[in-house]
Each structure stands twice: as C-alpha cells, then as structure tokens.
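Colleague: To be precise about what I am sending: the file is called my_file_16.txt and holds compact mmCIF, C-alpha atoms.
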```txt
# COMPACT_ATOMS: atom_id res chain seq x y z
CA MET A 7 0.00 0.00 0.00
CA THR A 8 2.25 2.73 -1.31
CA GLY A 9 2.72 4.87 -4.37
CA ASP A 10 6.47 5.30 -4.00
CA ALA A 11 8.06 4.56 -7.36
CA ASP A 12 11.14 3.18 -5.62
CA PHE A 13 9.12 0.02 -4.99
CA ALA A 14 8.79 -0.62 -8.72
CA TYR A 15 11.98 -2.66 -8.53
CA LEU A 16 10.40 -4.85 -5.84
CA ALA A 17 7.22 -5.26 -7.89
CA ILE A 18 9.23 -6.40 -10.91
CA LYS A 19 11.24 -8.85 -8.80
CA LEU A 20 8.07 -10.34 -7.31
CA ARG A 21 6.40 -10.65 -10.71
CA ARG A 22 9.43 -12.46 -12.06
CA HIS A 23 8.78 -15.03 -9.32
CA GLY A 24 5.18 -15.39 -10.48
CA ILE A 25 3.68 -13.36 -7.66
CA ARG A 26 0.79 -11.10 -8.53
CA VAL A 27 1.40 -7.51 -7.43
CA GLU A 28 -1.42 -5.07 -6.75
CA VAL A 29 -0.63 -1.52 -5.70
CA ALA A 30 -3.09 0.29 -3.46
CA SER A 31 -2.59 4.04 -3.51
CA VAL A 32 -4.15 7.38 -4.22
CA ALA A 33 -3.74 8.36 -7.87
CA GLN A 34 -1.80 11.58 -7.27
CA ASN A 35 0.78 9.76 -5.10
CA LEU A 36 1.26 6.84 -7.48
CA GLY A 37 4.46 6.91 -9.53
CA HIS A 38 3.94 5.91 -13.14
CA ILE A 39 6.88 3.48 -13.00
CA LEU A 40 5.27 1.61 -10.12
CA LYS A 41 1.93 1.72 -11.89
CA SER A 42 3.36 0.09 -14.98
CA ALA A 43 5.33 -2.44 -12.92
CA ALA A 44 2.28 -3.75 -11.03
CA ASN A 45 -0.37 -6.16 -12.25
CA ASP A 46 -3.19 -3.97 -11.06
CA VAL A 47 -3.81 -0.75 -9.20
CA ILE A 48 -6.37 -0.16 -6.47
CA ASP A 49 -7.34 3.48 -6.22
CA LEU A 50 -7.91 4.34 -2.57
CA ALA A 51 -9.53 7.72 -3.23
CA PRO A 52 -13.14 6.42 -3.31
CA LEU A 53 -12.44 4.46 -0.15
CA PHE A 54 -11.08 7.50 1.66
CA ARG A 55 -14.15 9.48 0.69
CA THR A 56 -16.29 7.03 2.64
CA PHE A 57 -14.61 7.95 5.88
CA GLU A 58 -15.75 10.82 7.98
CA MET A 59 -13.16 13.07 9.48
CA MET A 60 -12.48 11.98 13.00
CA LYS A 61 -13.72 14.49 15.50
CA VAL A 62 -11.33 14.97 18.35
CA GLU A 63 -12.97 16.27 21.43
CA ARG A 64 -10.96 17.60 24.33
CA THR A 65 -12.46 16.90 27.70
CA ILE A 66 -11.30 17.82 31.14
CA VAL A 67 -11.25 14.95 33.59
CA LEU A 68 -10.95 15.37 37.33
CA HIS A 69 -8.76 12.89 39.19
CA ASN A 70 -9.17 12.68 42.97
CA GLY A 71 -11.16 15.82 42.87
CA ASN A 72 -8.25 18.22 42.30
CA HIS A 73 -6.00 17.06 39.41
CA ARG A 74 -7.22 18.28 36.05
CA GLU A 75 -6.18 16.42 32.95
CA ALA A 76 -7.01 17.07 29.34
CA ILE A 77 -7.85 14.00 27.28
CA ASP A 78 -8.31 13.90 23.55
CA ARG A 79 -11.17 11.62 22.76
CA ALA A 80 -11.50 10.35 19.23
CA ALA A 81 -14.97 9.84 17.99
CA PRO A 82 -15.57 6.48 16.31
CA VAL A 83 -15.33 6.46 12.55
CA ASN A 84 -18.68 5.94 10.91
CA PHE A 85 -19.22 4.94 7.34
CA ASP A 86 -22.20 3.50 5.61
CA ARG A 87 -21.40 0.11 4.10
CA THR A 88 -24.74 0.02 2.32
CA ALA A 89 -23.59 2.98 0.18
CA LEU A 90 -20.76 0.91 -1.31
CA ASN A 91 -21.09 -1.45 -4.22
CA ARG A 92 -19.96 -5.06 -4.10
CA ASP A 93 -16.51 -4.40 -5.53
CA GLN A 94 -15.84 -1.57 -3.08
CA LEU A 95 -17.00 -3.74 -0.18
CA GLN A 96 -14.70 -6.54 -1.29
CA ARG A 97 -11.73 -4.20 -1.42
CA LEU A 98 -12.69 -2.66 1.89
CA ASP A 99 -12.68 -6.06 3.54
CA ARG A 100 -9.42 -6.98 1.83
CA LEU A 101 -7.79 -3.97 3.47
CA GLY A 102 -9.02 -5.16 6.85
CA VAL A 103 -11.23 -2.16 7.58
CA VAL A 104 -14.01 -3.01 10.01
CA ASP A 105 -16.73 -1.12 11.78
CA ALA A 106 -15.60 0.54 14.97
CA ALA A 107 -16.66 -1.23 18.13
CA VAL A 108 -19.29 0.44 20.26
CA ILE A 109 -18.64 0.09 23.96
CA ASP A 110 -21.55 0.97 26.15
CA ARG A 111 -19.79 2.39 29.13
CA GLN A 112 -18.35 5.64 30.32
CA SER A 113 -14.83 7.02 29.93
CA ALA A 114 -13.81 5.14 26.84
CA ILE A 115 -10.94 7.40 25.80
CA THR A 116 -10.35 5.85 22.40
CA VAL A 117 -12.26 3.08 20.74
CA ILE A 118 -10.40 0.96 18.25
CA GLY A 119 -12.22 -1.88 16.58
CA ILE A 120 -10.13 -4.66 15.08
CA ASN A 121 -11.67 -7.92 13.97
CA LEU A 122 -8.69 -10.23 13.66
CA ASN A 123 -10.68 -12.70 11.61
CA GLU A 124 -11.31 -10.06 8.98
CA ALA A 125 -8.18 -8.00 9.35
CA PHE A 126 -5.95 -10.61 7.72
CA PRO A 127 -8.04 -12.23 5.00
CA GLU A 128 -4.99 -13.52 3.11
CA PRO A 129 -2.56 -14.62 5.82
CA ASN A 130 -0.60 -16.90 3.48
CA VAL A 131 0.82 -14.07 1.37
CA ALA A 132 3.54 -12.88 3.74
CA PRO A 133 4.86 -16.40 4.57
CA ALA A 134 4.94 -17.16 0.84
CA VAL A 135 7.09 -14.10 0.18
CA ILE A 136 9.39 -14.92 3.10
CA LEU A 137 9.76 -18.55 2.06
CA LEU A 138 10.51 -17.42 -1.47
CA GLY A 139 13.40 -15.40 -0.13
CA LEU A 140 14.71 -18.12 2.14
CA ASP A 141 14.08 -21.32 0.24
CA GLY A 142 16.98 -21.14 -2.19
CA ARG A 143 19.59 -23.64 -1.09
CA GLY A 144 18.04 -24.97 2.10
CA ASN A 145 20.38 -22.73 4.05
CA ASP A 146 18.70 -19.56 5.22
CA ARG A 147 21.92 -18.04 6.62
CA ILE A 148 19.99 -16.47 9.47
CA ASN A 149 22.98 -17.09 11.72
CA ALA A 150 25.66 -16.04 9.28
CA ASN A 151 28.39 -15.56 11.84
CA ASN A 152 31.66 -17.43 11.62
CA HIS A 153 30.78 -20.24 9.22
CA ALA A 154 33.90 -19.31 7.33
CA ILE A 155 35.87 -19.06 10.58
CA LYS A 156 34.83 -22.55 11.60
CA MET A 157 35.95 -23.86 8.23
CA THR A 158 39.29 -22.09 8.61
CA ARG A 159 39.84 -23.48 12.09
CA ALA A 160 38.94 -26.97 10.97
CA SER A 161 41.26 -26.85 7.99
CA SER A 162 44.09 -25.24 9.98
CA SER A 163 43.80 -27.82 12.77
CA ASP A 164 43.96 -30.58 10.15
CA SER A 165 47.13 -29.13 8.75
CA GLY A 166 48.62 -28.57 12.19
CA VAL A 167 48.82 -24.79 11.81
CA ALA A 168 47.75 -22.68 14.77
CA PRO A 169 44.63 -20.60 14.05
CA MET B 282 31.95 -6.00 -6.06
CA VAL B 283 28.68 -4.24 -6.86
CA VAL B 284 28.28 -0.49 -7.25
CA TYR B 285 24.85 1.11 -6.99
CA ALA B 286 24.55 4.53 -8.57
CA GLY B 287 21.75 6.95 -9.21
CA LEU B 288 22.03 8.64 -12.58
CA PRO B 289 20.77 12.11 -13.46
CA PRO B 290 17.41 12.13 -15.26
CA ALA B 291 17.48 11.29 -18.96
CA ILE B 292 16.36 14.75 -20.02
CA PRO B 293 18.30 17.41 -21.94
CA THR B 294 18.77 19.56 -18.82
CA TRP B 295 20.74 16.84 -17.10
CA GLN B 296 22.39 15.29 -20.15
CA GLU B 297 25.85 16.74 -19.50
CA GLU B 298 25.90 15.50 -15.90
CA ARG B 299 24.54 12.18 -17.05
CA ASP B 300 27.26 11.75 -19.66
CA LYS B 301 29.96 12.47 -17.07
CA LYS B 302 28.55 9.90 -14.68
CA ASN B 303 28.07 7.35 -17.45
CA LYS B 304 31.77 7.63 -18.26
CA PHE B 305 32.55 6.74 -14.67
CA MET B 306 30.08 3.84 -14.84
CA TYR B 307 31.84 2.63 -17.98
CA TRP B 308 35.19 2.78 -16.20
CA LEU B 309 33.78 0.79 -13.28
CA ARG B 310 32.37 -1.90 -15.56
CA SER B 311 35.65 -2.06 -17.48
CA ASN B 312 37.53 -2.65 -14.24
CA GLY B 313 35.49 -5.56 -12.98
CA PHE B 314 32.77 -3.86 -10.98
CA MET B 315 29.17 -4.87 -11.43
CA VAL B 316 27.21 -1.64 -11.78
CA VAL B 317 23.52 -1.24 -11.01
CA THR B 318 22.08 2.12 -12.03
CA LYS B 319 18.81 3.85 -11.58
CA ASP B 320 17.54 6.81 -13.57
CA GLY B 321 16.78 9.75 -11.34
CA ALA B 322 13.75 12.00 -11.36
CA PRO B 323 13.96 15.79 -11.39
CA ALA B 324 13.41 17.33 -7.98
CA GLU B 325 13.62 20.94 -6.88
CA GLU B 326 15.76 23.44 -8.80
CA GLY B 327 19.22 22.06 -9.52
CA HIS B 328 18.64 18.71 -7.88
CA TYR B 329 17.43 15.26 -8.81
CA LYS B 330 16.20 12.28 -6.83
CA ALA B 331 17.61 8.79 -7.36
CA ASN B 332 17.27 6.56 -4.33
CA VAL B 333 18.79 3.11 -4.68
CA ASP B 334 18.04 2.01 -1.12
CA VAL B 335 15.15 -0.32 -2.00
CA MET B 336 17.16 -1.88 -4.83
CA MET B 337 20.05 -2.53 -2.47
CA ALA B 338 17.78 -4.04 0.18
CA ILE B 339 16.10 -6.42 -2.27
CA ASP B 340 19.38 -7.50 -3.84
CA ALA B 341 20.90 -7.98 -0.38
CA LEU B 342 18.00 -10.26 0.54
CA GLU B 343 18.57 -12.35 -2.57
CA LEU B 344 22.34 -12.46 -2.08
CA SER B 345 21.96 -13.49 1.56
CA ILE B 346 21.13 -17.00 0.31
CA GLU B 347 24.48 -17.25 -1.43
CA ILE B 348 26.89 -15.39 0.84
CA GLY B 349 27.71 -15.22 4.52
CA LEU B 350 29.23 -11.78 4.82
CA MET B 351 28.28 -8.55 3.10
CA SER B 352 30.18 -5.32 3.43
CA LEU B 353 28.54 -1.98 2.63
CA SER B 354 30.36 1.25 2.07
CA SER B 355 29.21 4.60 0.80
```
Now that the file is in, can you turn its structure into structure tokens?
Modeller:
Amino acid sequence: MTGDADFAYLAIKLRRHGIRVEVASVAQNLGHILKSAANDVIDLAPLFRTFEMMKVERTIVLHNGNHREAIDRAAPVNFDRTALNRDQLQRLDRLGVVDAAVIDRQSAITVIGINLNEAFPEPNVAPAVILLGLDGRGNDRINANNHAIKMTRASSSDSGVAP
Amino acid sequence: MVVYAGLPPAIPTWQEERDKKNKFMYWLRSNGFMVVTKDGAPAEEGHYKANVDVMMAIDALELSIEIGLMSLSS
C-alpha cells in the first residue's frame, strides 16, 4: 500500500517469481513506473471518501477531585457500508477495515475496533514471500556468523597450523 | 563488487551530468565492478532524486542465500 516509485523494482522482482502484485494508492501519489510495474492498481480515493473526518474532542477529567487532565477523545469512525457497491465492499474487507466497536460504558478514551478474523483475510501471502526469499539452497543463513571461521579453524587444525 | 549509482534524469537539462557519470560507470564496468544504475527523477531546482536504497535491500536479501558476509560502504 504505497505509491512510492522506488518500490517498482520490488514489484518487478516479485512478478518475475510469479507473484501477482497489486498496488493500493491514491492516484496523485502513485508513480507511473510503479503503476506500470504492477499487475493492477487499487485506487484508494473512493475508499477515503467514505470515511468521515475523526472528531477529536478535548475533555477535562478530574482525578481525585483536584487534578485536572485534558484528554483527547477520538470519535468512532462511521461509514455506511450500504452505500458501497460489491466491488468496493470486497476491497474494503481486503484492506481489513471493520466497523468501529461500540462500547456501552463511560470514559472510553479511544475506541479501536479490530476484527482479527477479517483484518488478515490472506494470511498466506507474507509467509509465501518470506519462504521465497529463504528457500533457495536450504540454508537460510539467518545465523551467518563465523561459518567461514569454523571452516578455517577446521582446515588449519587438520594441517597442524595454529589458528 | 557491486556499485549502486543513481544517474541524473534522462532529459536534456541533465544530459551533460549524465554523460559524465556514465563515463565513470563505464570505467567501473571495465575494471570488474558490477554496476547497477537507476535513472533519477527531477526534484527541486538544480537537484534530482535517485534513491537506490530499495534496490540494495532487495538484492541484499537475494544475495543473503548465497553469501555469509556482506560489506557496505558509501
């Protein structure tokens, strides 16, 4: 989810490995090199228009009767899912956007609603990319320290030379 | 040895600078360096933008399968 044209190189690399690349960005921030490098482009502008601006309300809270503290309270984001067509809803769900939770109690400073079941609809994508990077020779080289040193010590001890 | 270089944009304004840098790239290639270049994009007056950081990171990830030690200098 970026429009930075520097990622065009990554998109091309991924496509060479047979991975489909979709770029989600706003049109004015999308570099044309990245646009041409990707399989498809998702324009986020219509999605952003469905959001209302968050209203931040500053309230004064009294602690122990004498300590005054200002708290910024973010109003929950409301958007009407019925106003979106099927394609927009599908893309909305793909991005993991869910309705904000409504908590019926006092002093909820900030309400963040995350449905983990919907937030990661394609959990196998990231592991596939990671495995692609690691599964070359069966040696992931995560601990790359002193393999060469061990070899040197082994060979030098065989030849009787002090390391 | 790999050299990453950002080139001036391929537009007439930057052509002279680009030719100078291309000569250096030619010298590097002729002397055994592998050269990876990226065309820059015009930025504010008298400057251009050519970041090779993402290219280096991706290539480093690929090379990490083959090699055990990588040295970066700039």
Colleague: Measure the distance from atom CA of A:Arg55 to atom CA of A:Leu36 in Å and round it to one decimal.
Modeller: 17.6 Å
Colleague: Of the candidates B:Ala322, B:Val316, B:Val333, B:Leu309, which one gets nearest to B:Ile292 if we count only C-alpha atoms?
Modeller: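 Distance minimum relative to B:Ile292 lands on B:Ala322.
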Colleague: Provide the atom CA of B:Asp320 to atom CA of B:Trp295 distance in Å, to one decimal place.
Modeller: 11.1 Å
Colleague: Rank B:Leu288, B:Val283, B:Leu350, B:Ala331 by their smallest atom-to-atom distance to B:Gly313, using all atoms listed in the file, and report the top residue only.
Modeller: B:Val283
Colleague: Please list as a PyMOL selection string every residue within 6 Å of A:Met7, counting all atoms listed in the file and excluding residues in the same chain fewer than 3 positions away.
Modeller: chain A and resi 29-31
Colleague: Determine, counting only C-alpha atoms, every residue of protein, DNA or RNA that lies within 12 Å of (30.5, -5.9, -10.2) in the file coordinates, then give the result as a ChimeraX atom specification.
Modeller: /B:282-285,306-318
Colleague: Can you work out which one of B:Ala291, B:Leu342, B:Ala286, B:Ile348 has the shortest atom-to-atom distance to A:Lys19, counting all atoms listed in the file?
Modeller: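 Nearest candidate to A:Lys19 out of B:Ala291, B:Leu342, B:Ala286, B:Ile348: B:Leu342.
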Colleague: Expressed in Å to a single decimal, how great is the separation between atom CA of A:Ala51 and atom CA of A:Val32?
Modeller: 5.5 Å
Colleague: Using all atoms listed in the file, tabulate the residues of chain B lying at most 8 Å from any atom of chain A, each with its closest atom pair and that distance in Å to one decimal, by chain and increasing residue number, as a Markdown table.
Modeller:
```
| residue | atom | partner | partner_atom | distance |
| --- | --- | --- | --- | --- |
| B:Asn332 | CA | A:Asp12 | CA | 7.1 |
| B:Val333 | CA | A:Asp12 | CA | 7.7 |
| B:Val335 | CA | A:Asp12 | CA | 6.4 |
| B:Met336 | CA | A:Tyr15 | CA | 6.4 |
| B:Ile339 | CA | A:Leu16 | CA | 6.9 |
| B:Leu342 | CA | A:Gly139 | CA | 6.9 |
| B:Glu343 | CA | A:Gly139 | CA | 6.5 |
| B:Ser345 | CA | A:Arg147 | CA | 6.8 |
| B:Ile346 | CA | A:Asp146 | CA | 6.0 |
| B:Gly349 | CA | A:Ala150 | CA | 5.2 |
| B:Leu350 | CA | A:Ala150 | CA | 7.1 |
```
Colleague: Print the selection's residues with C-alpha atoms to a file, as a PDB file, in the frame of the given file.
Modeller:
```pdb
ATOM      1  CA  ASN B 332      17.270   6.560  -4.330  1.00  0.00           C
ATOM      2  CA  VAL B 333      18.790   3.110  -4.680  1.00  0.00           C
ATOM      3  CA  VAL B 335      15.150  -0.320  -2.000  1.00  0.00           C
ATOM      4  CA  MET B 336      17.160  -1.880  -4.830  1.00  0.00           C
ATOM      5  CA  ILE B 339      16.100  -6.420  -2.270  1.00  0.00           C
ATOM      6  CA  LEU B 342      18.000 -10.260   0.540  1.00  0.00           C
ATOM      7  CA  GLU B 343      18.570 -12.350  -2.570  1.00  0.00           C
ATOM      8  CA  SER B 345      21.960 -13.490   1.560  1.00  0.00           C
ATOM      9  CA  ILE B 346      21.130 -17.000   0.310  1.00  0.00           C
ATOM     10  CA  GLY B 349      27.710 -15.220   4.520  1.00  0.00           C
ATOM     11  CA  LEU B 350      29.230 -11.780   4.820  1.00  0.00           C
TER      12      LEU B 350
END
```
Colleague: Contacts of A:Ala17 at 8 Å or less, counting only C-alpha atoms, minus same-chain residues fewer than 6 places along, as a list in words?
Modeller: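 Residues near the query, excluding close chain neighbours: Val27, Leu40, Ala43 and Ala44 of chain A.
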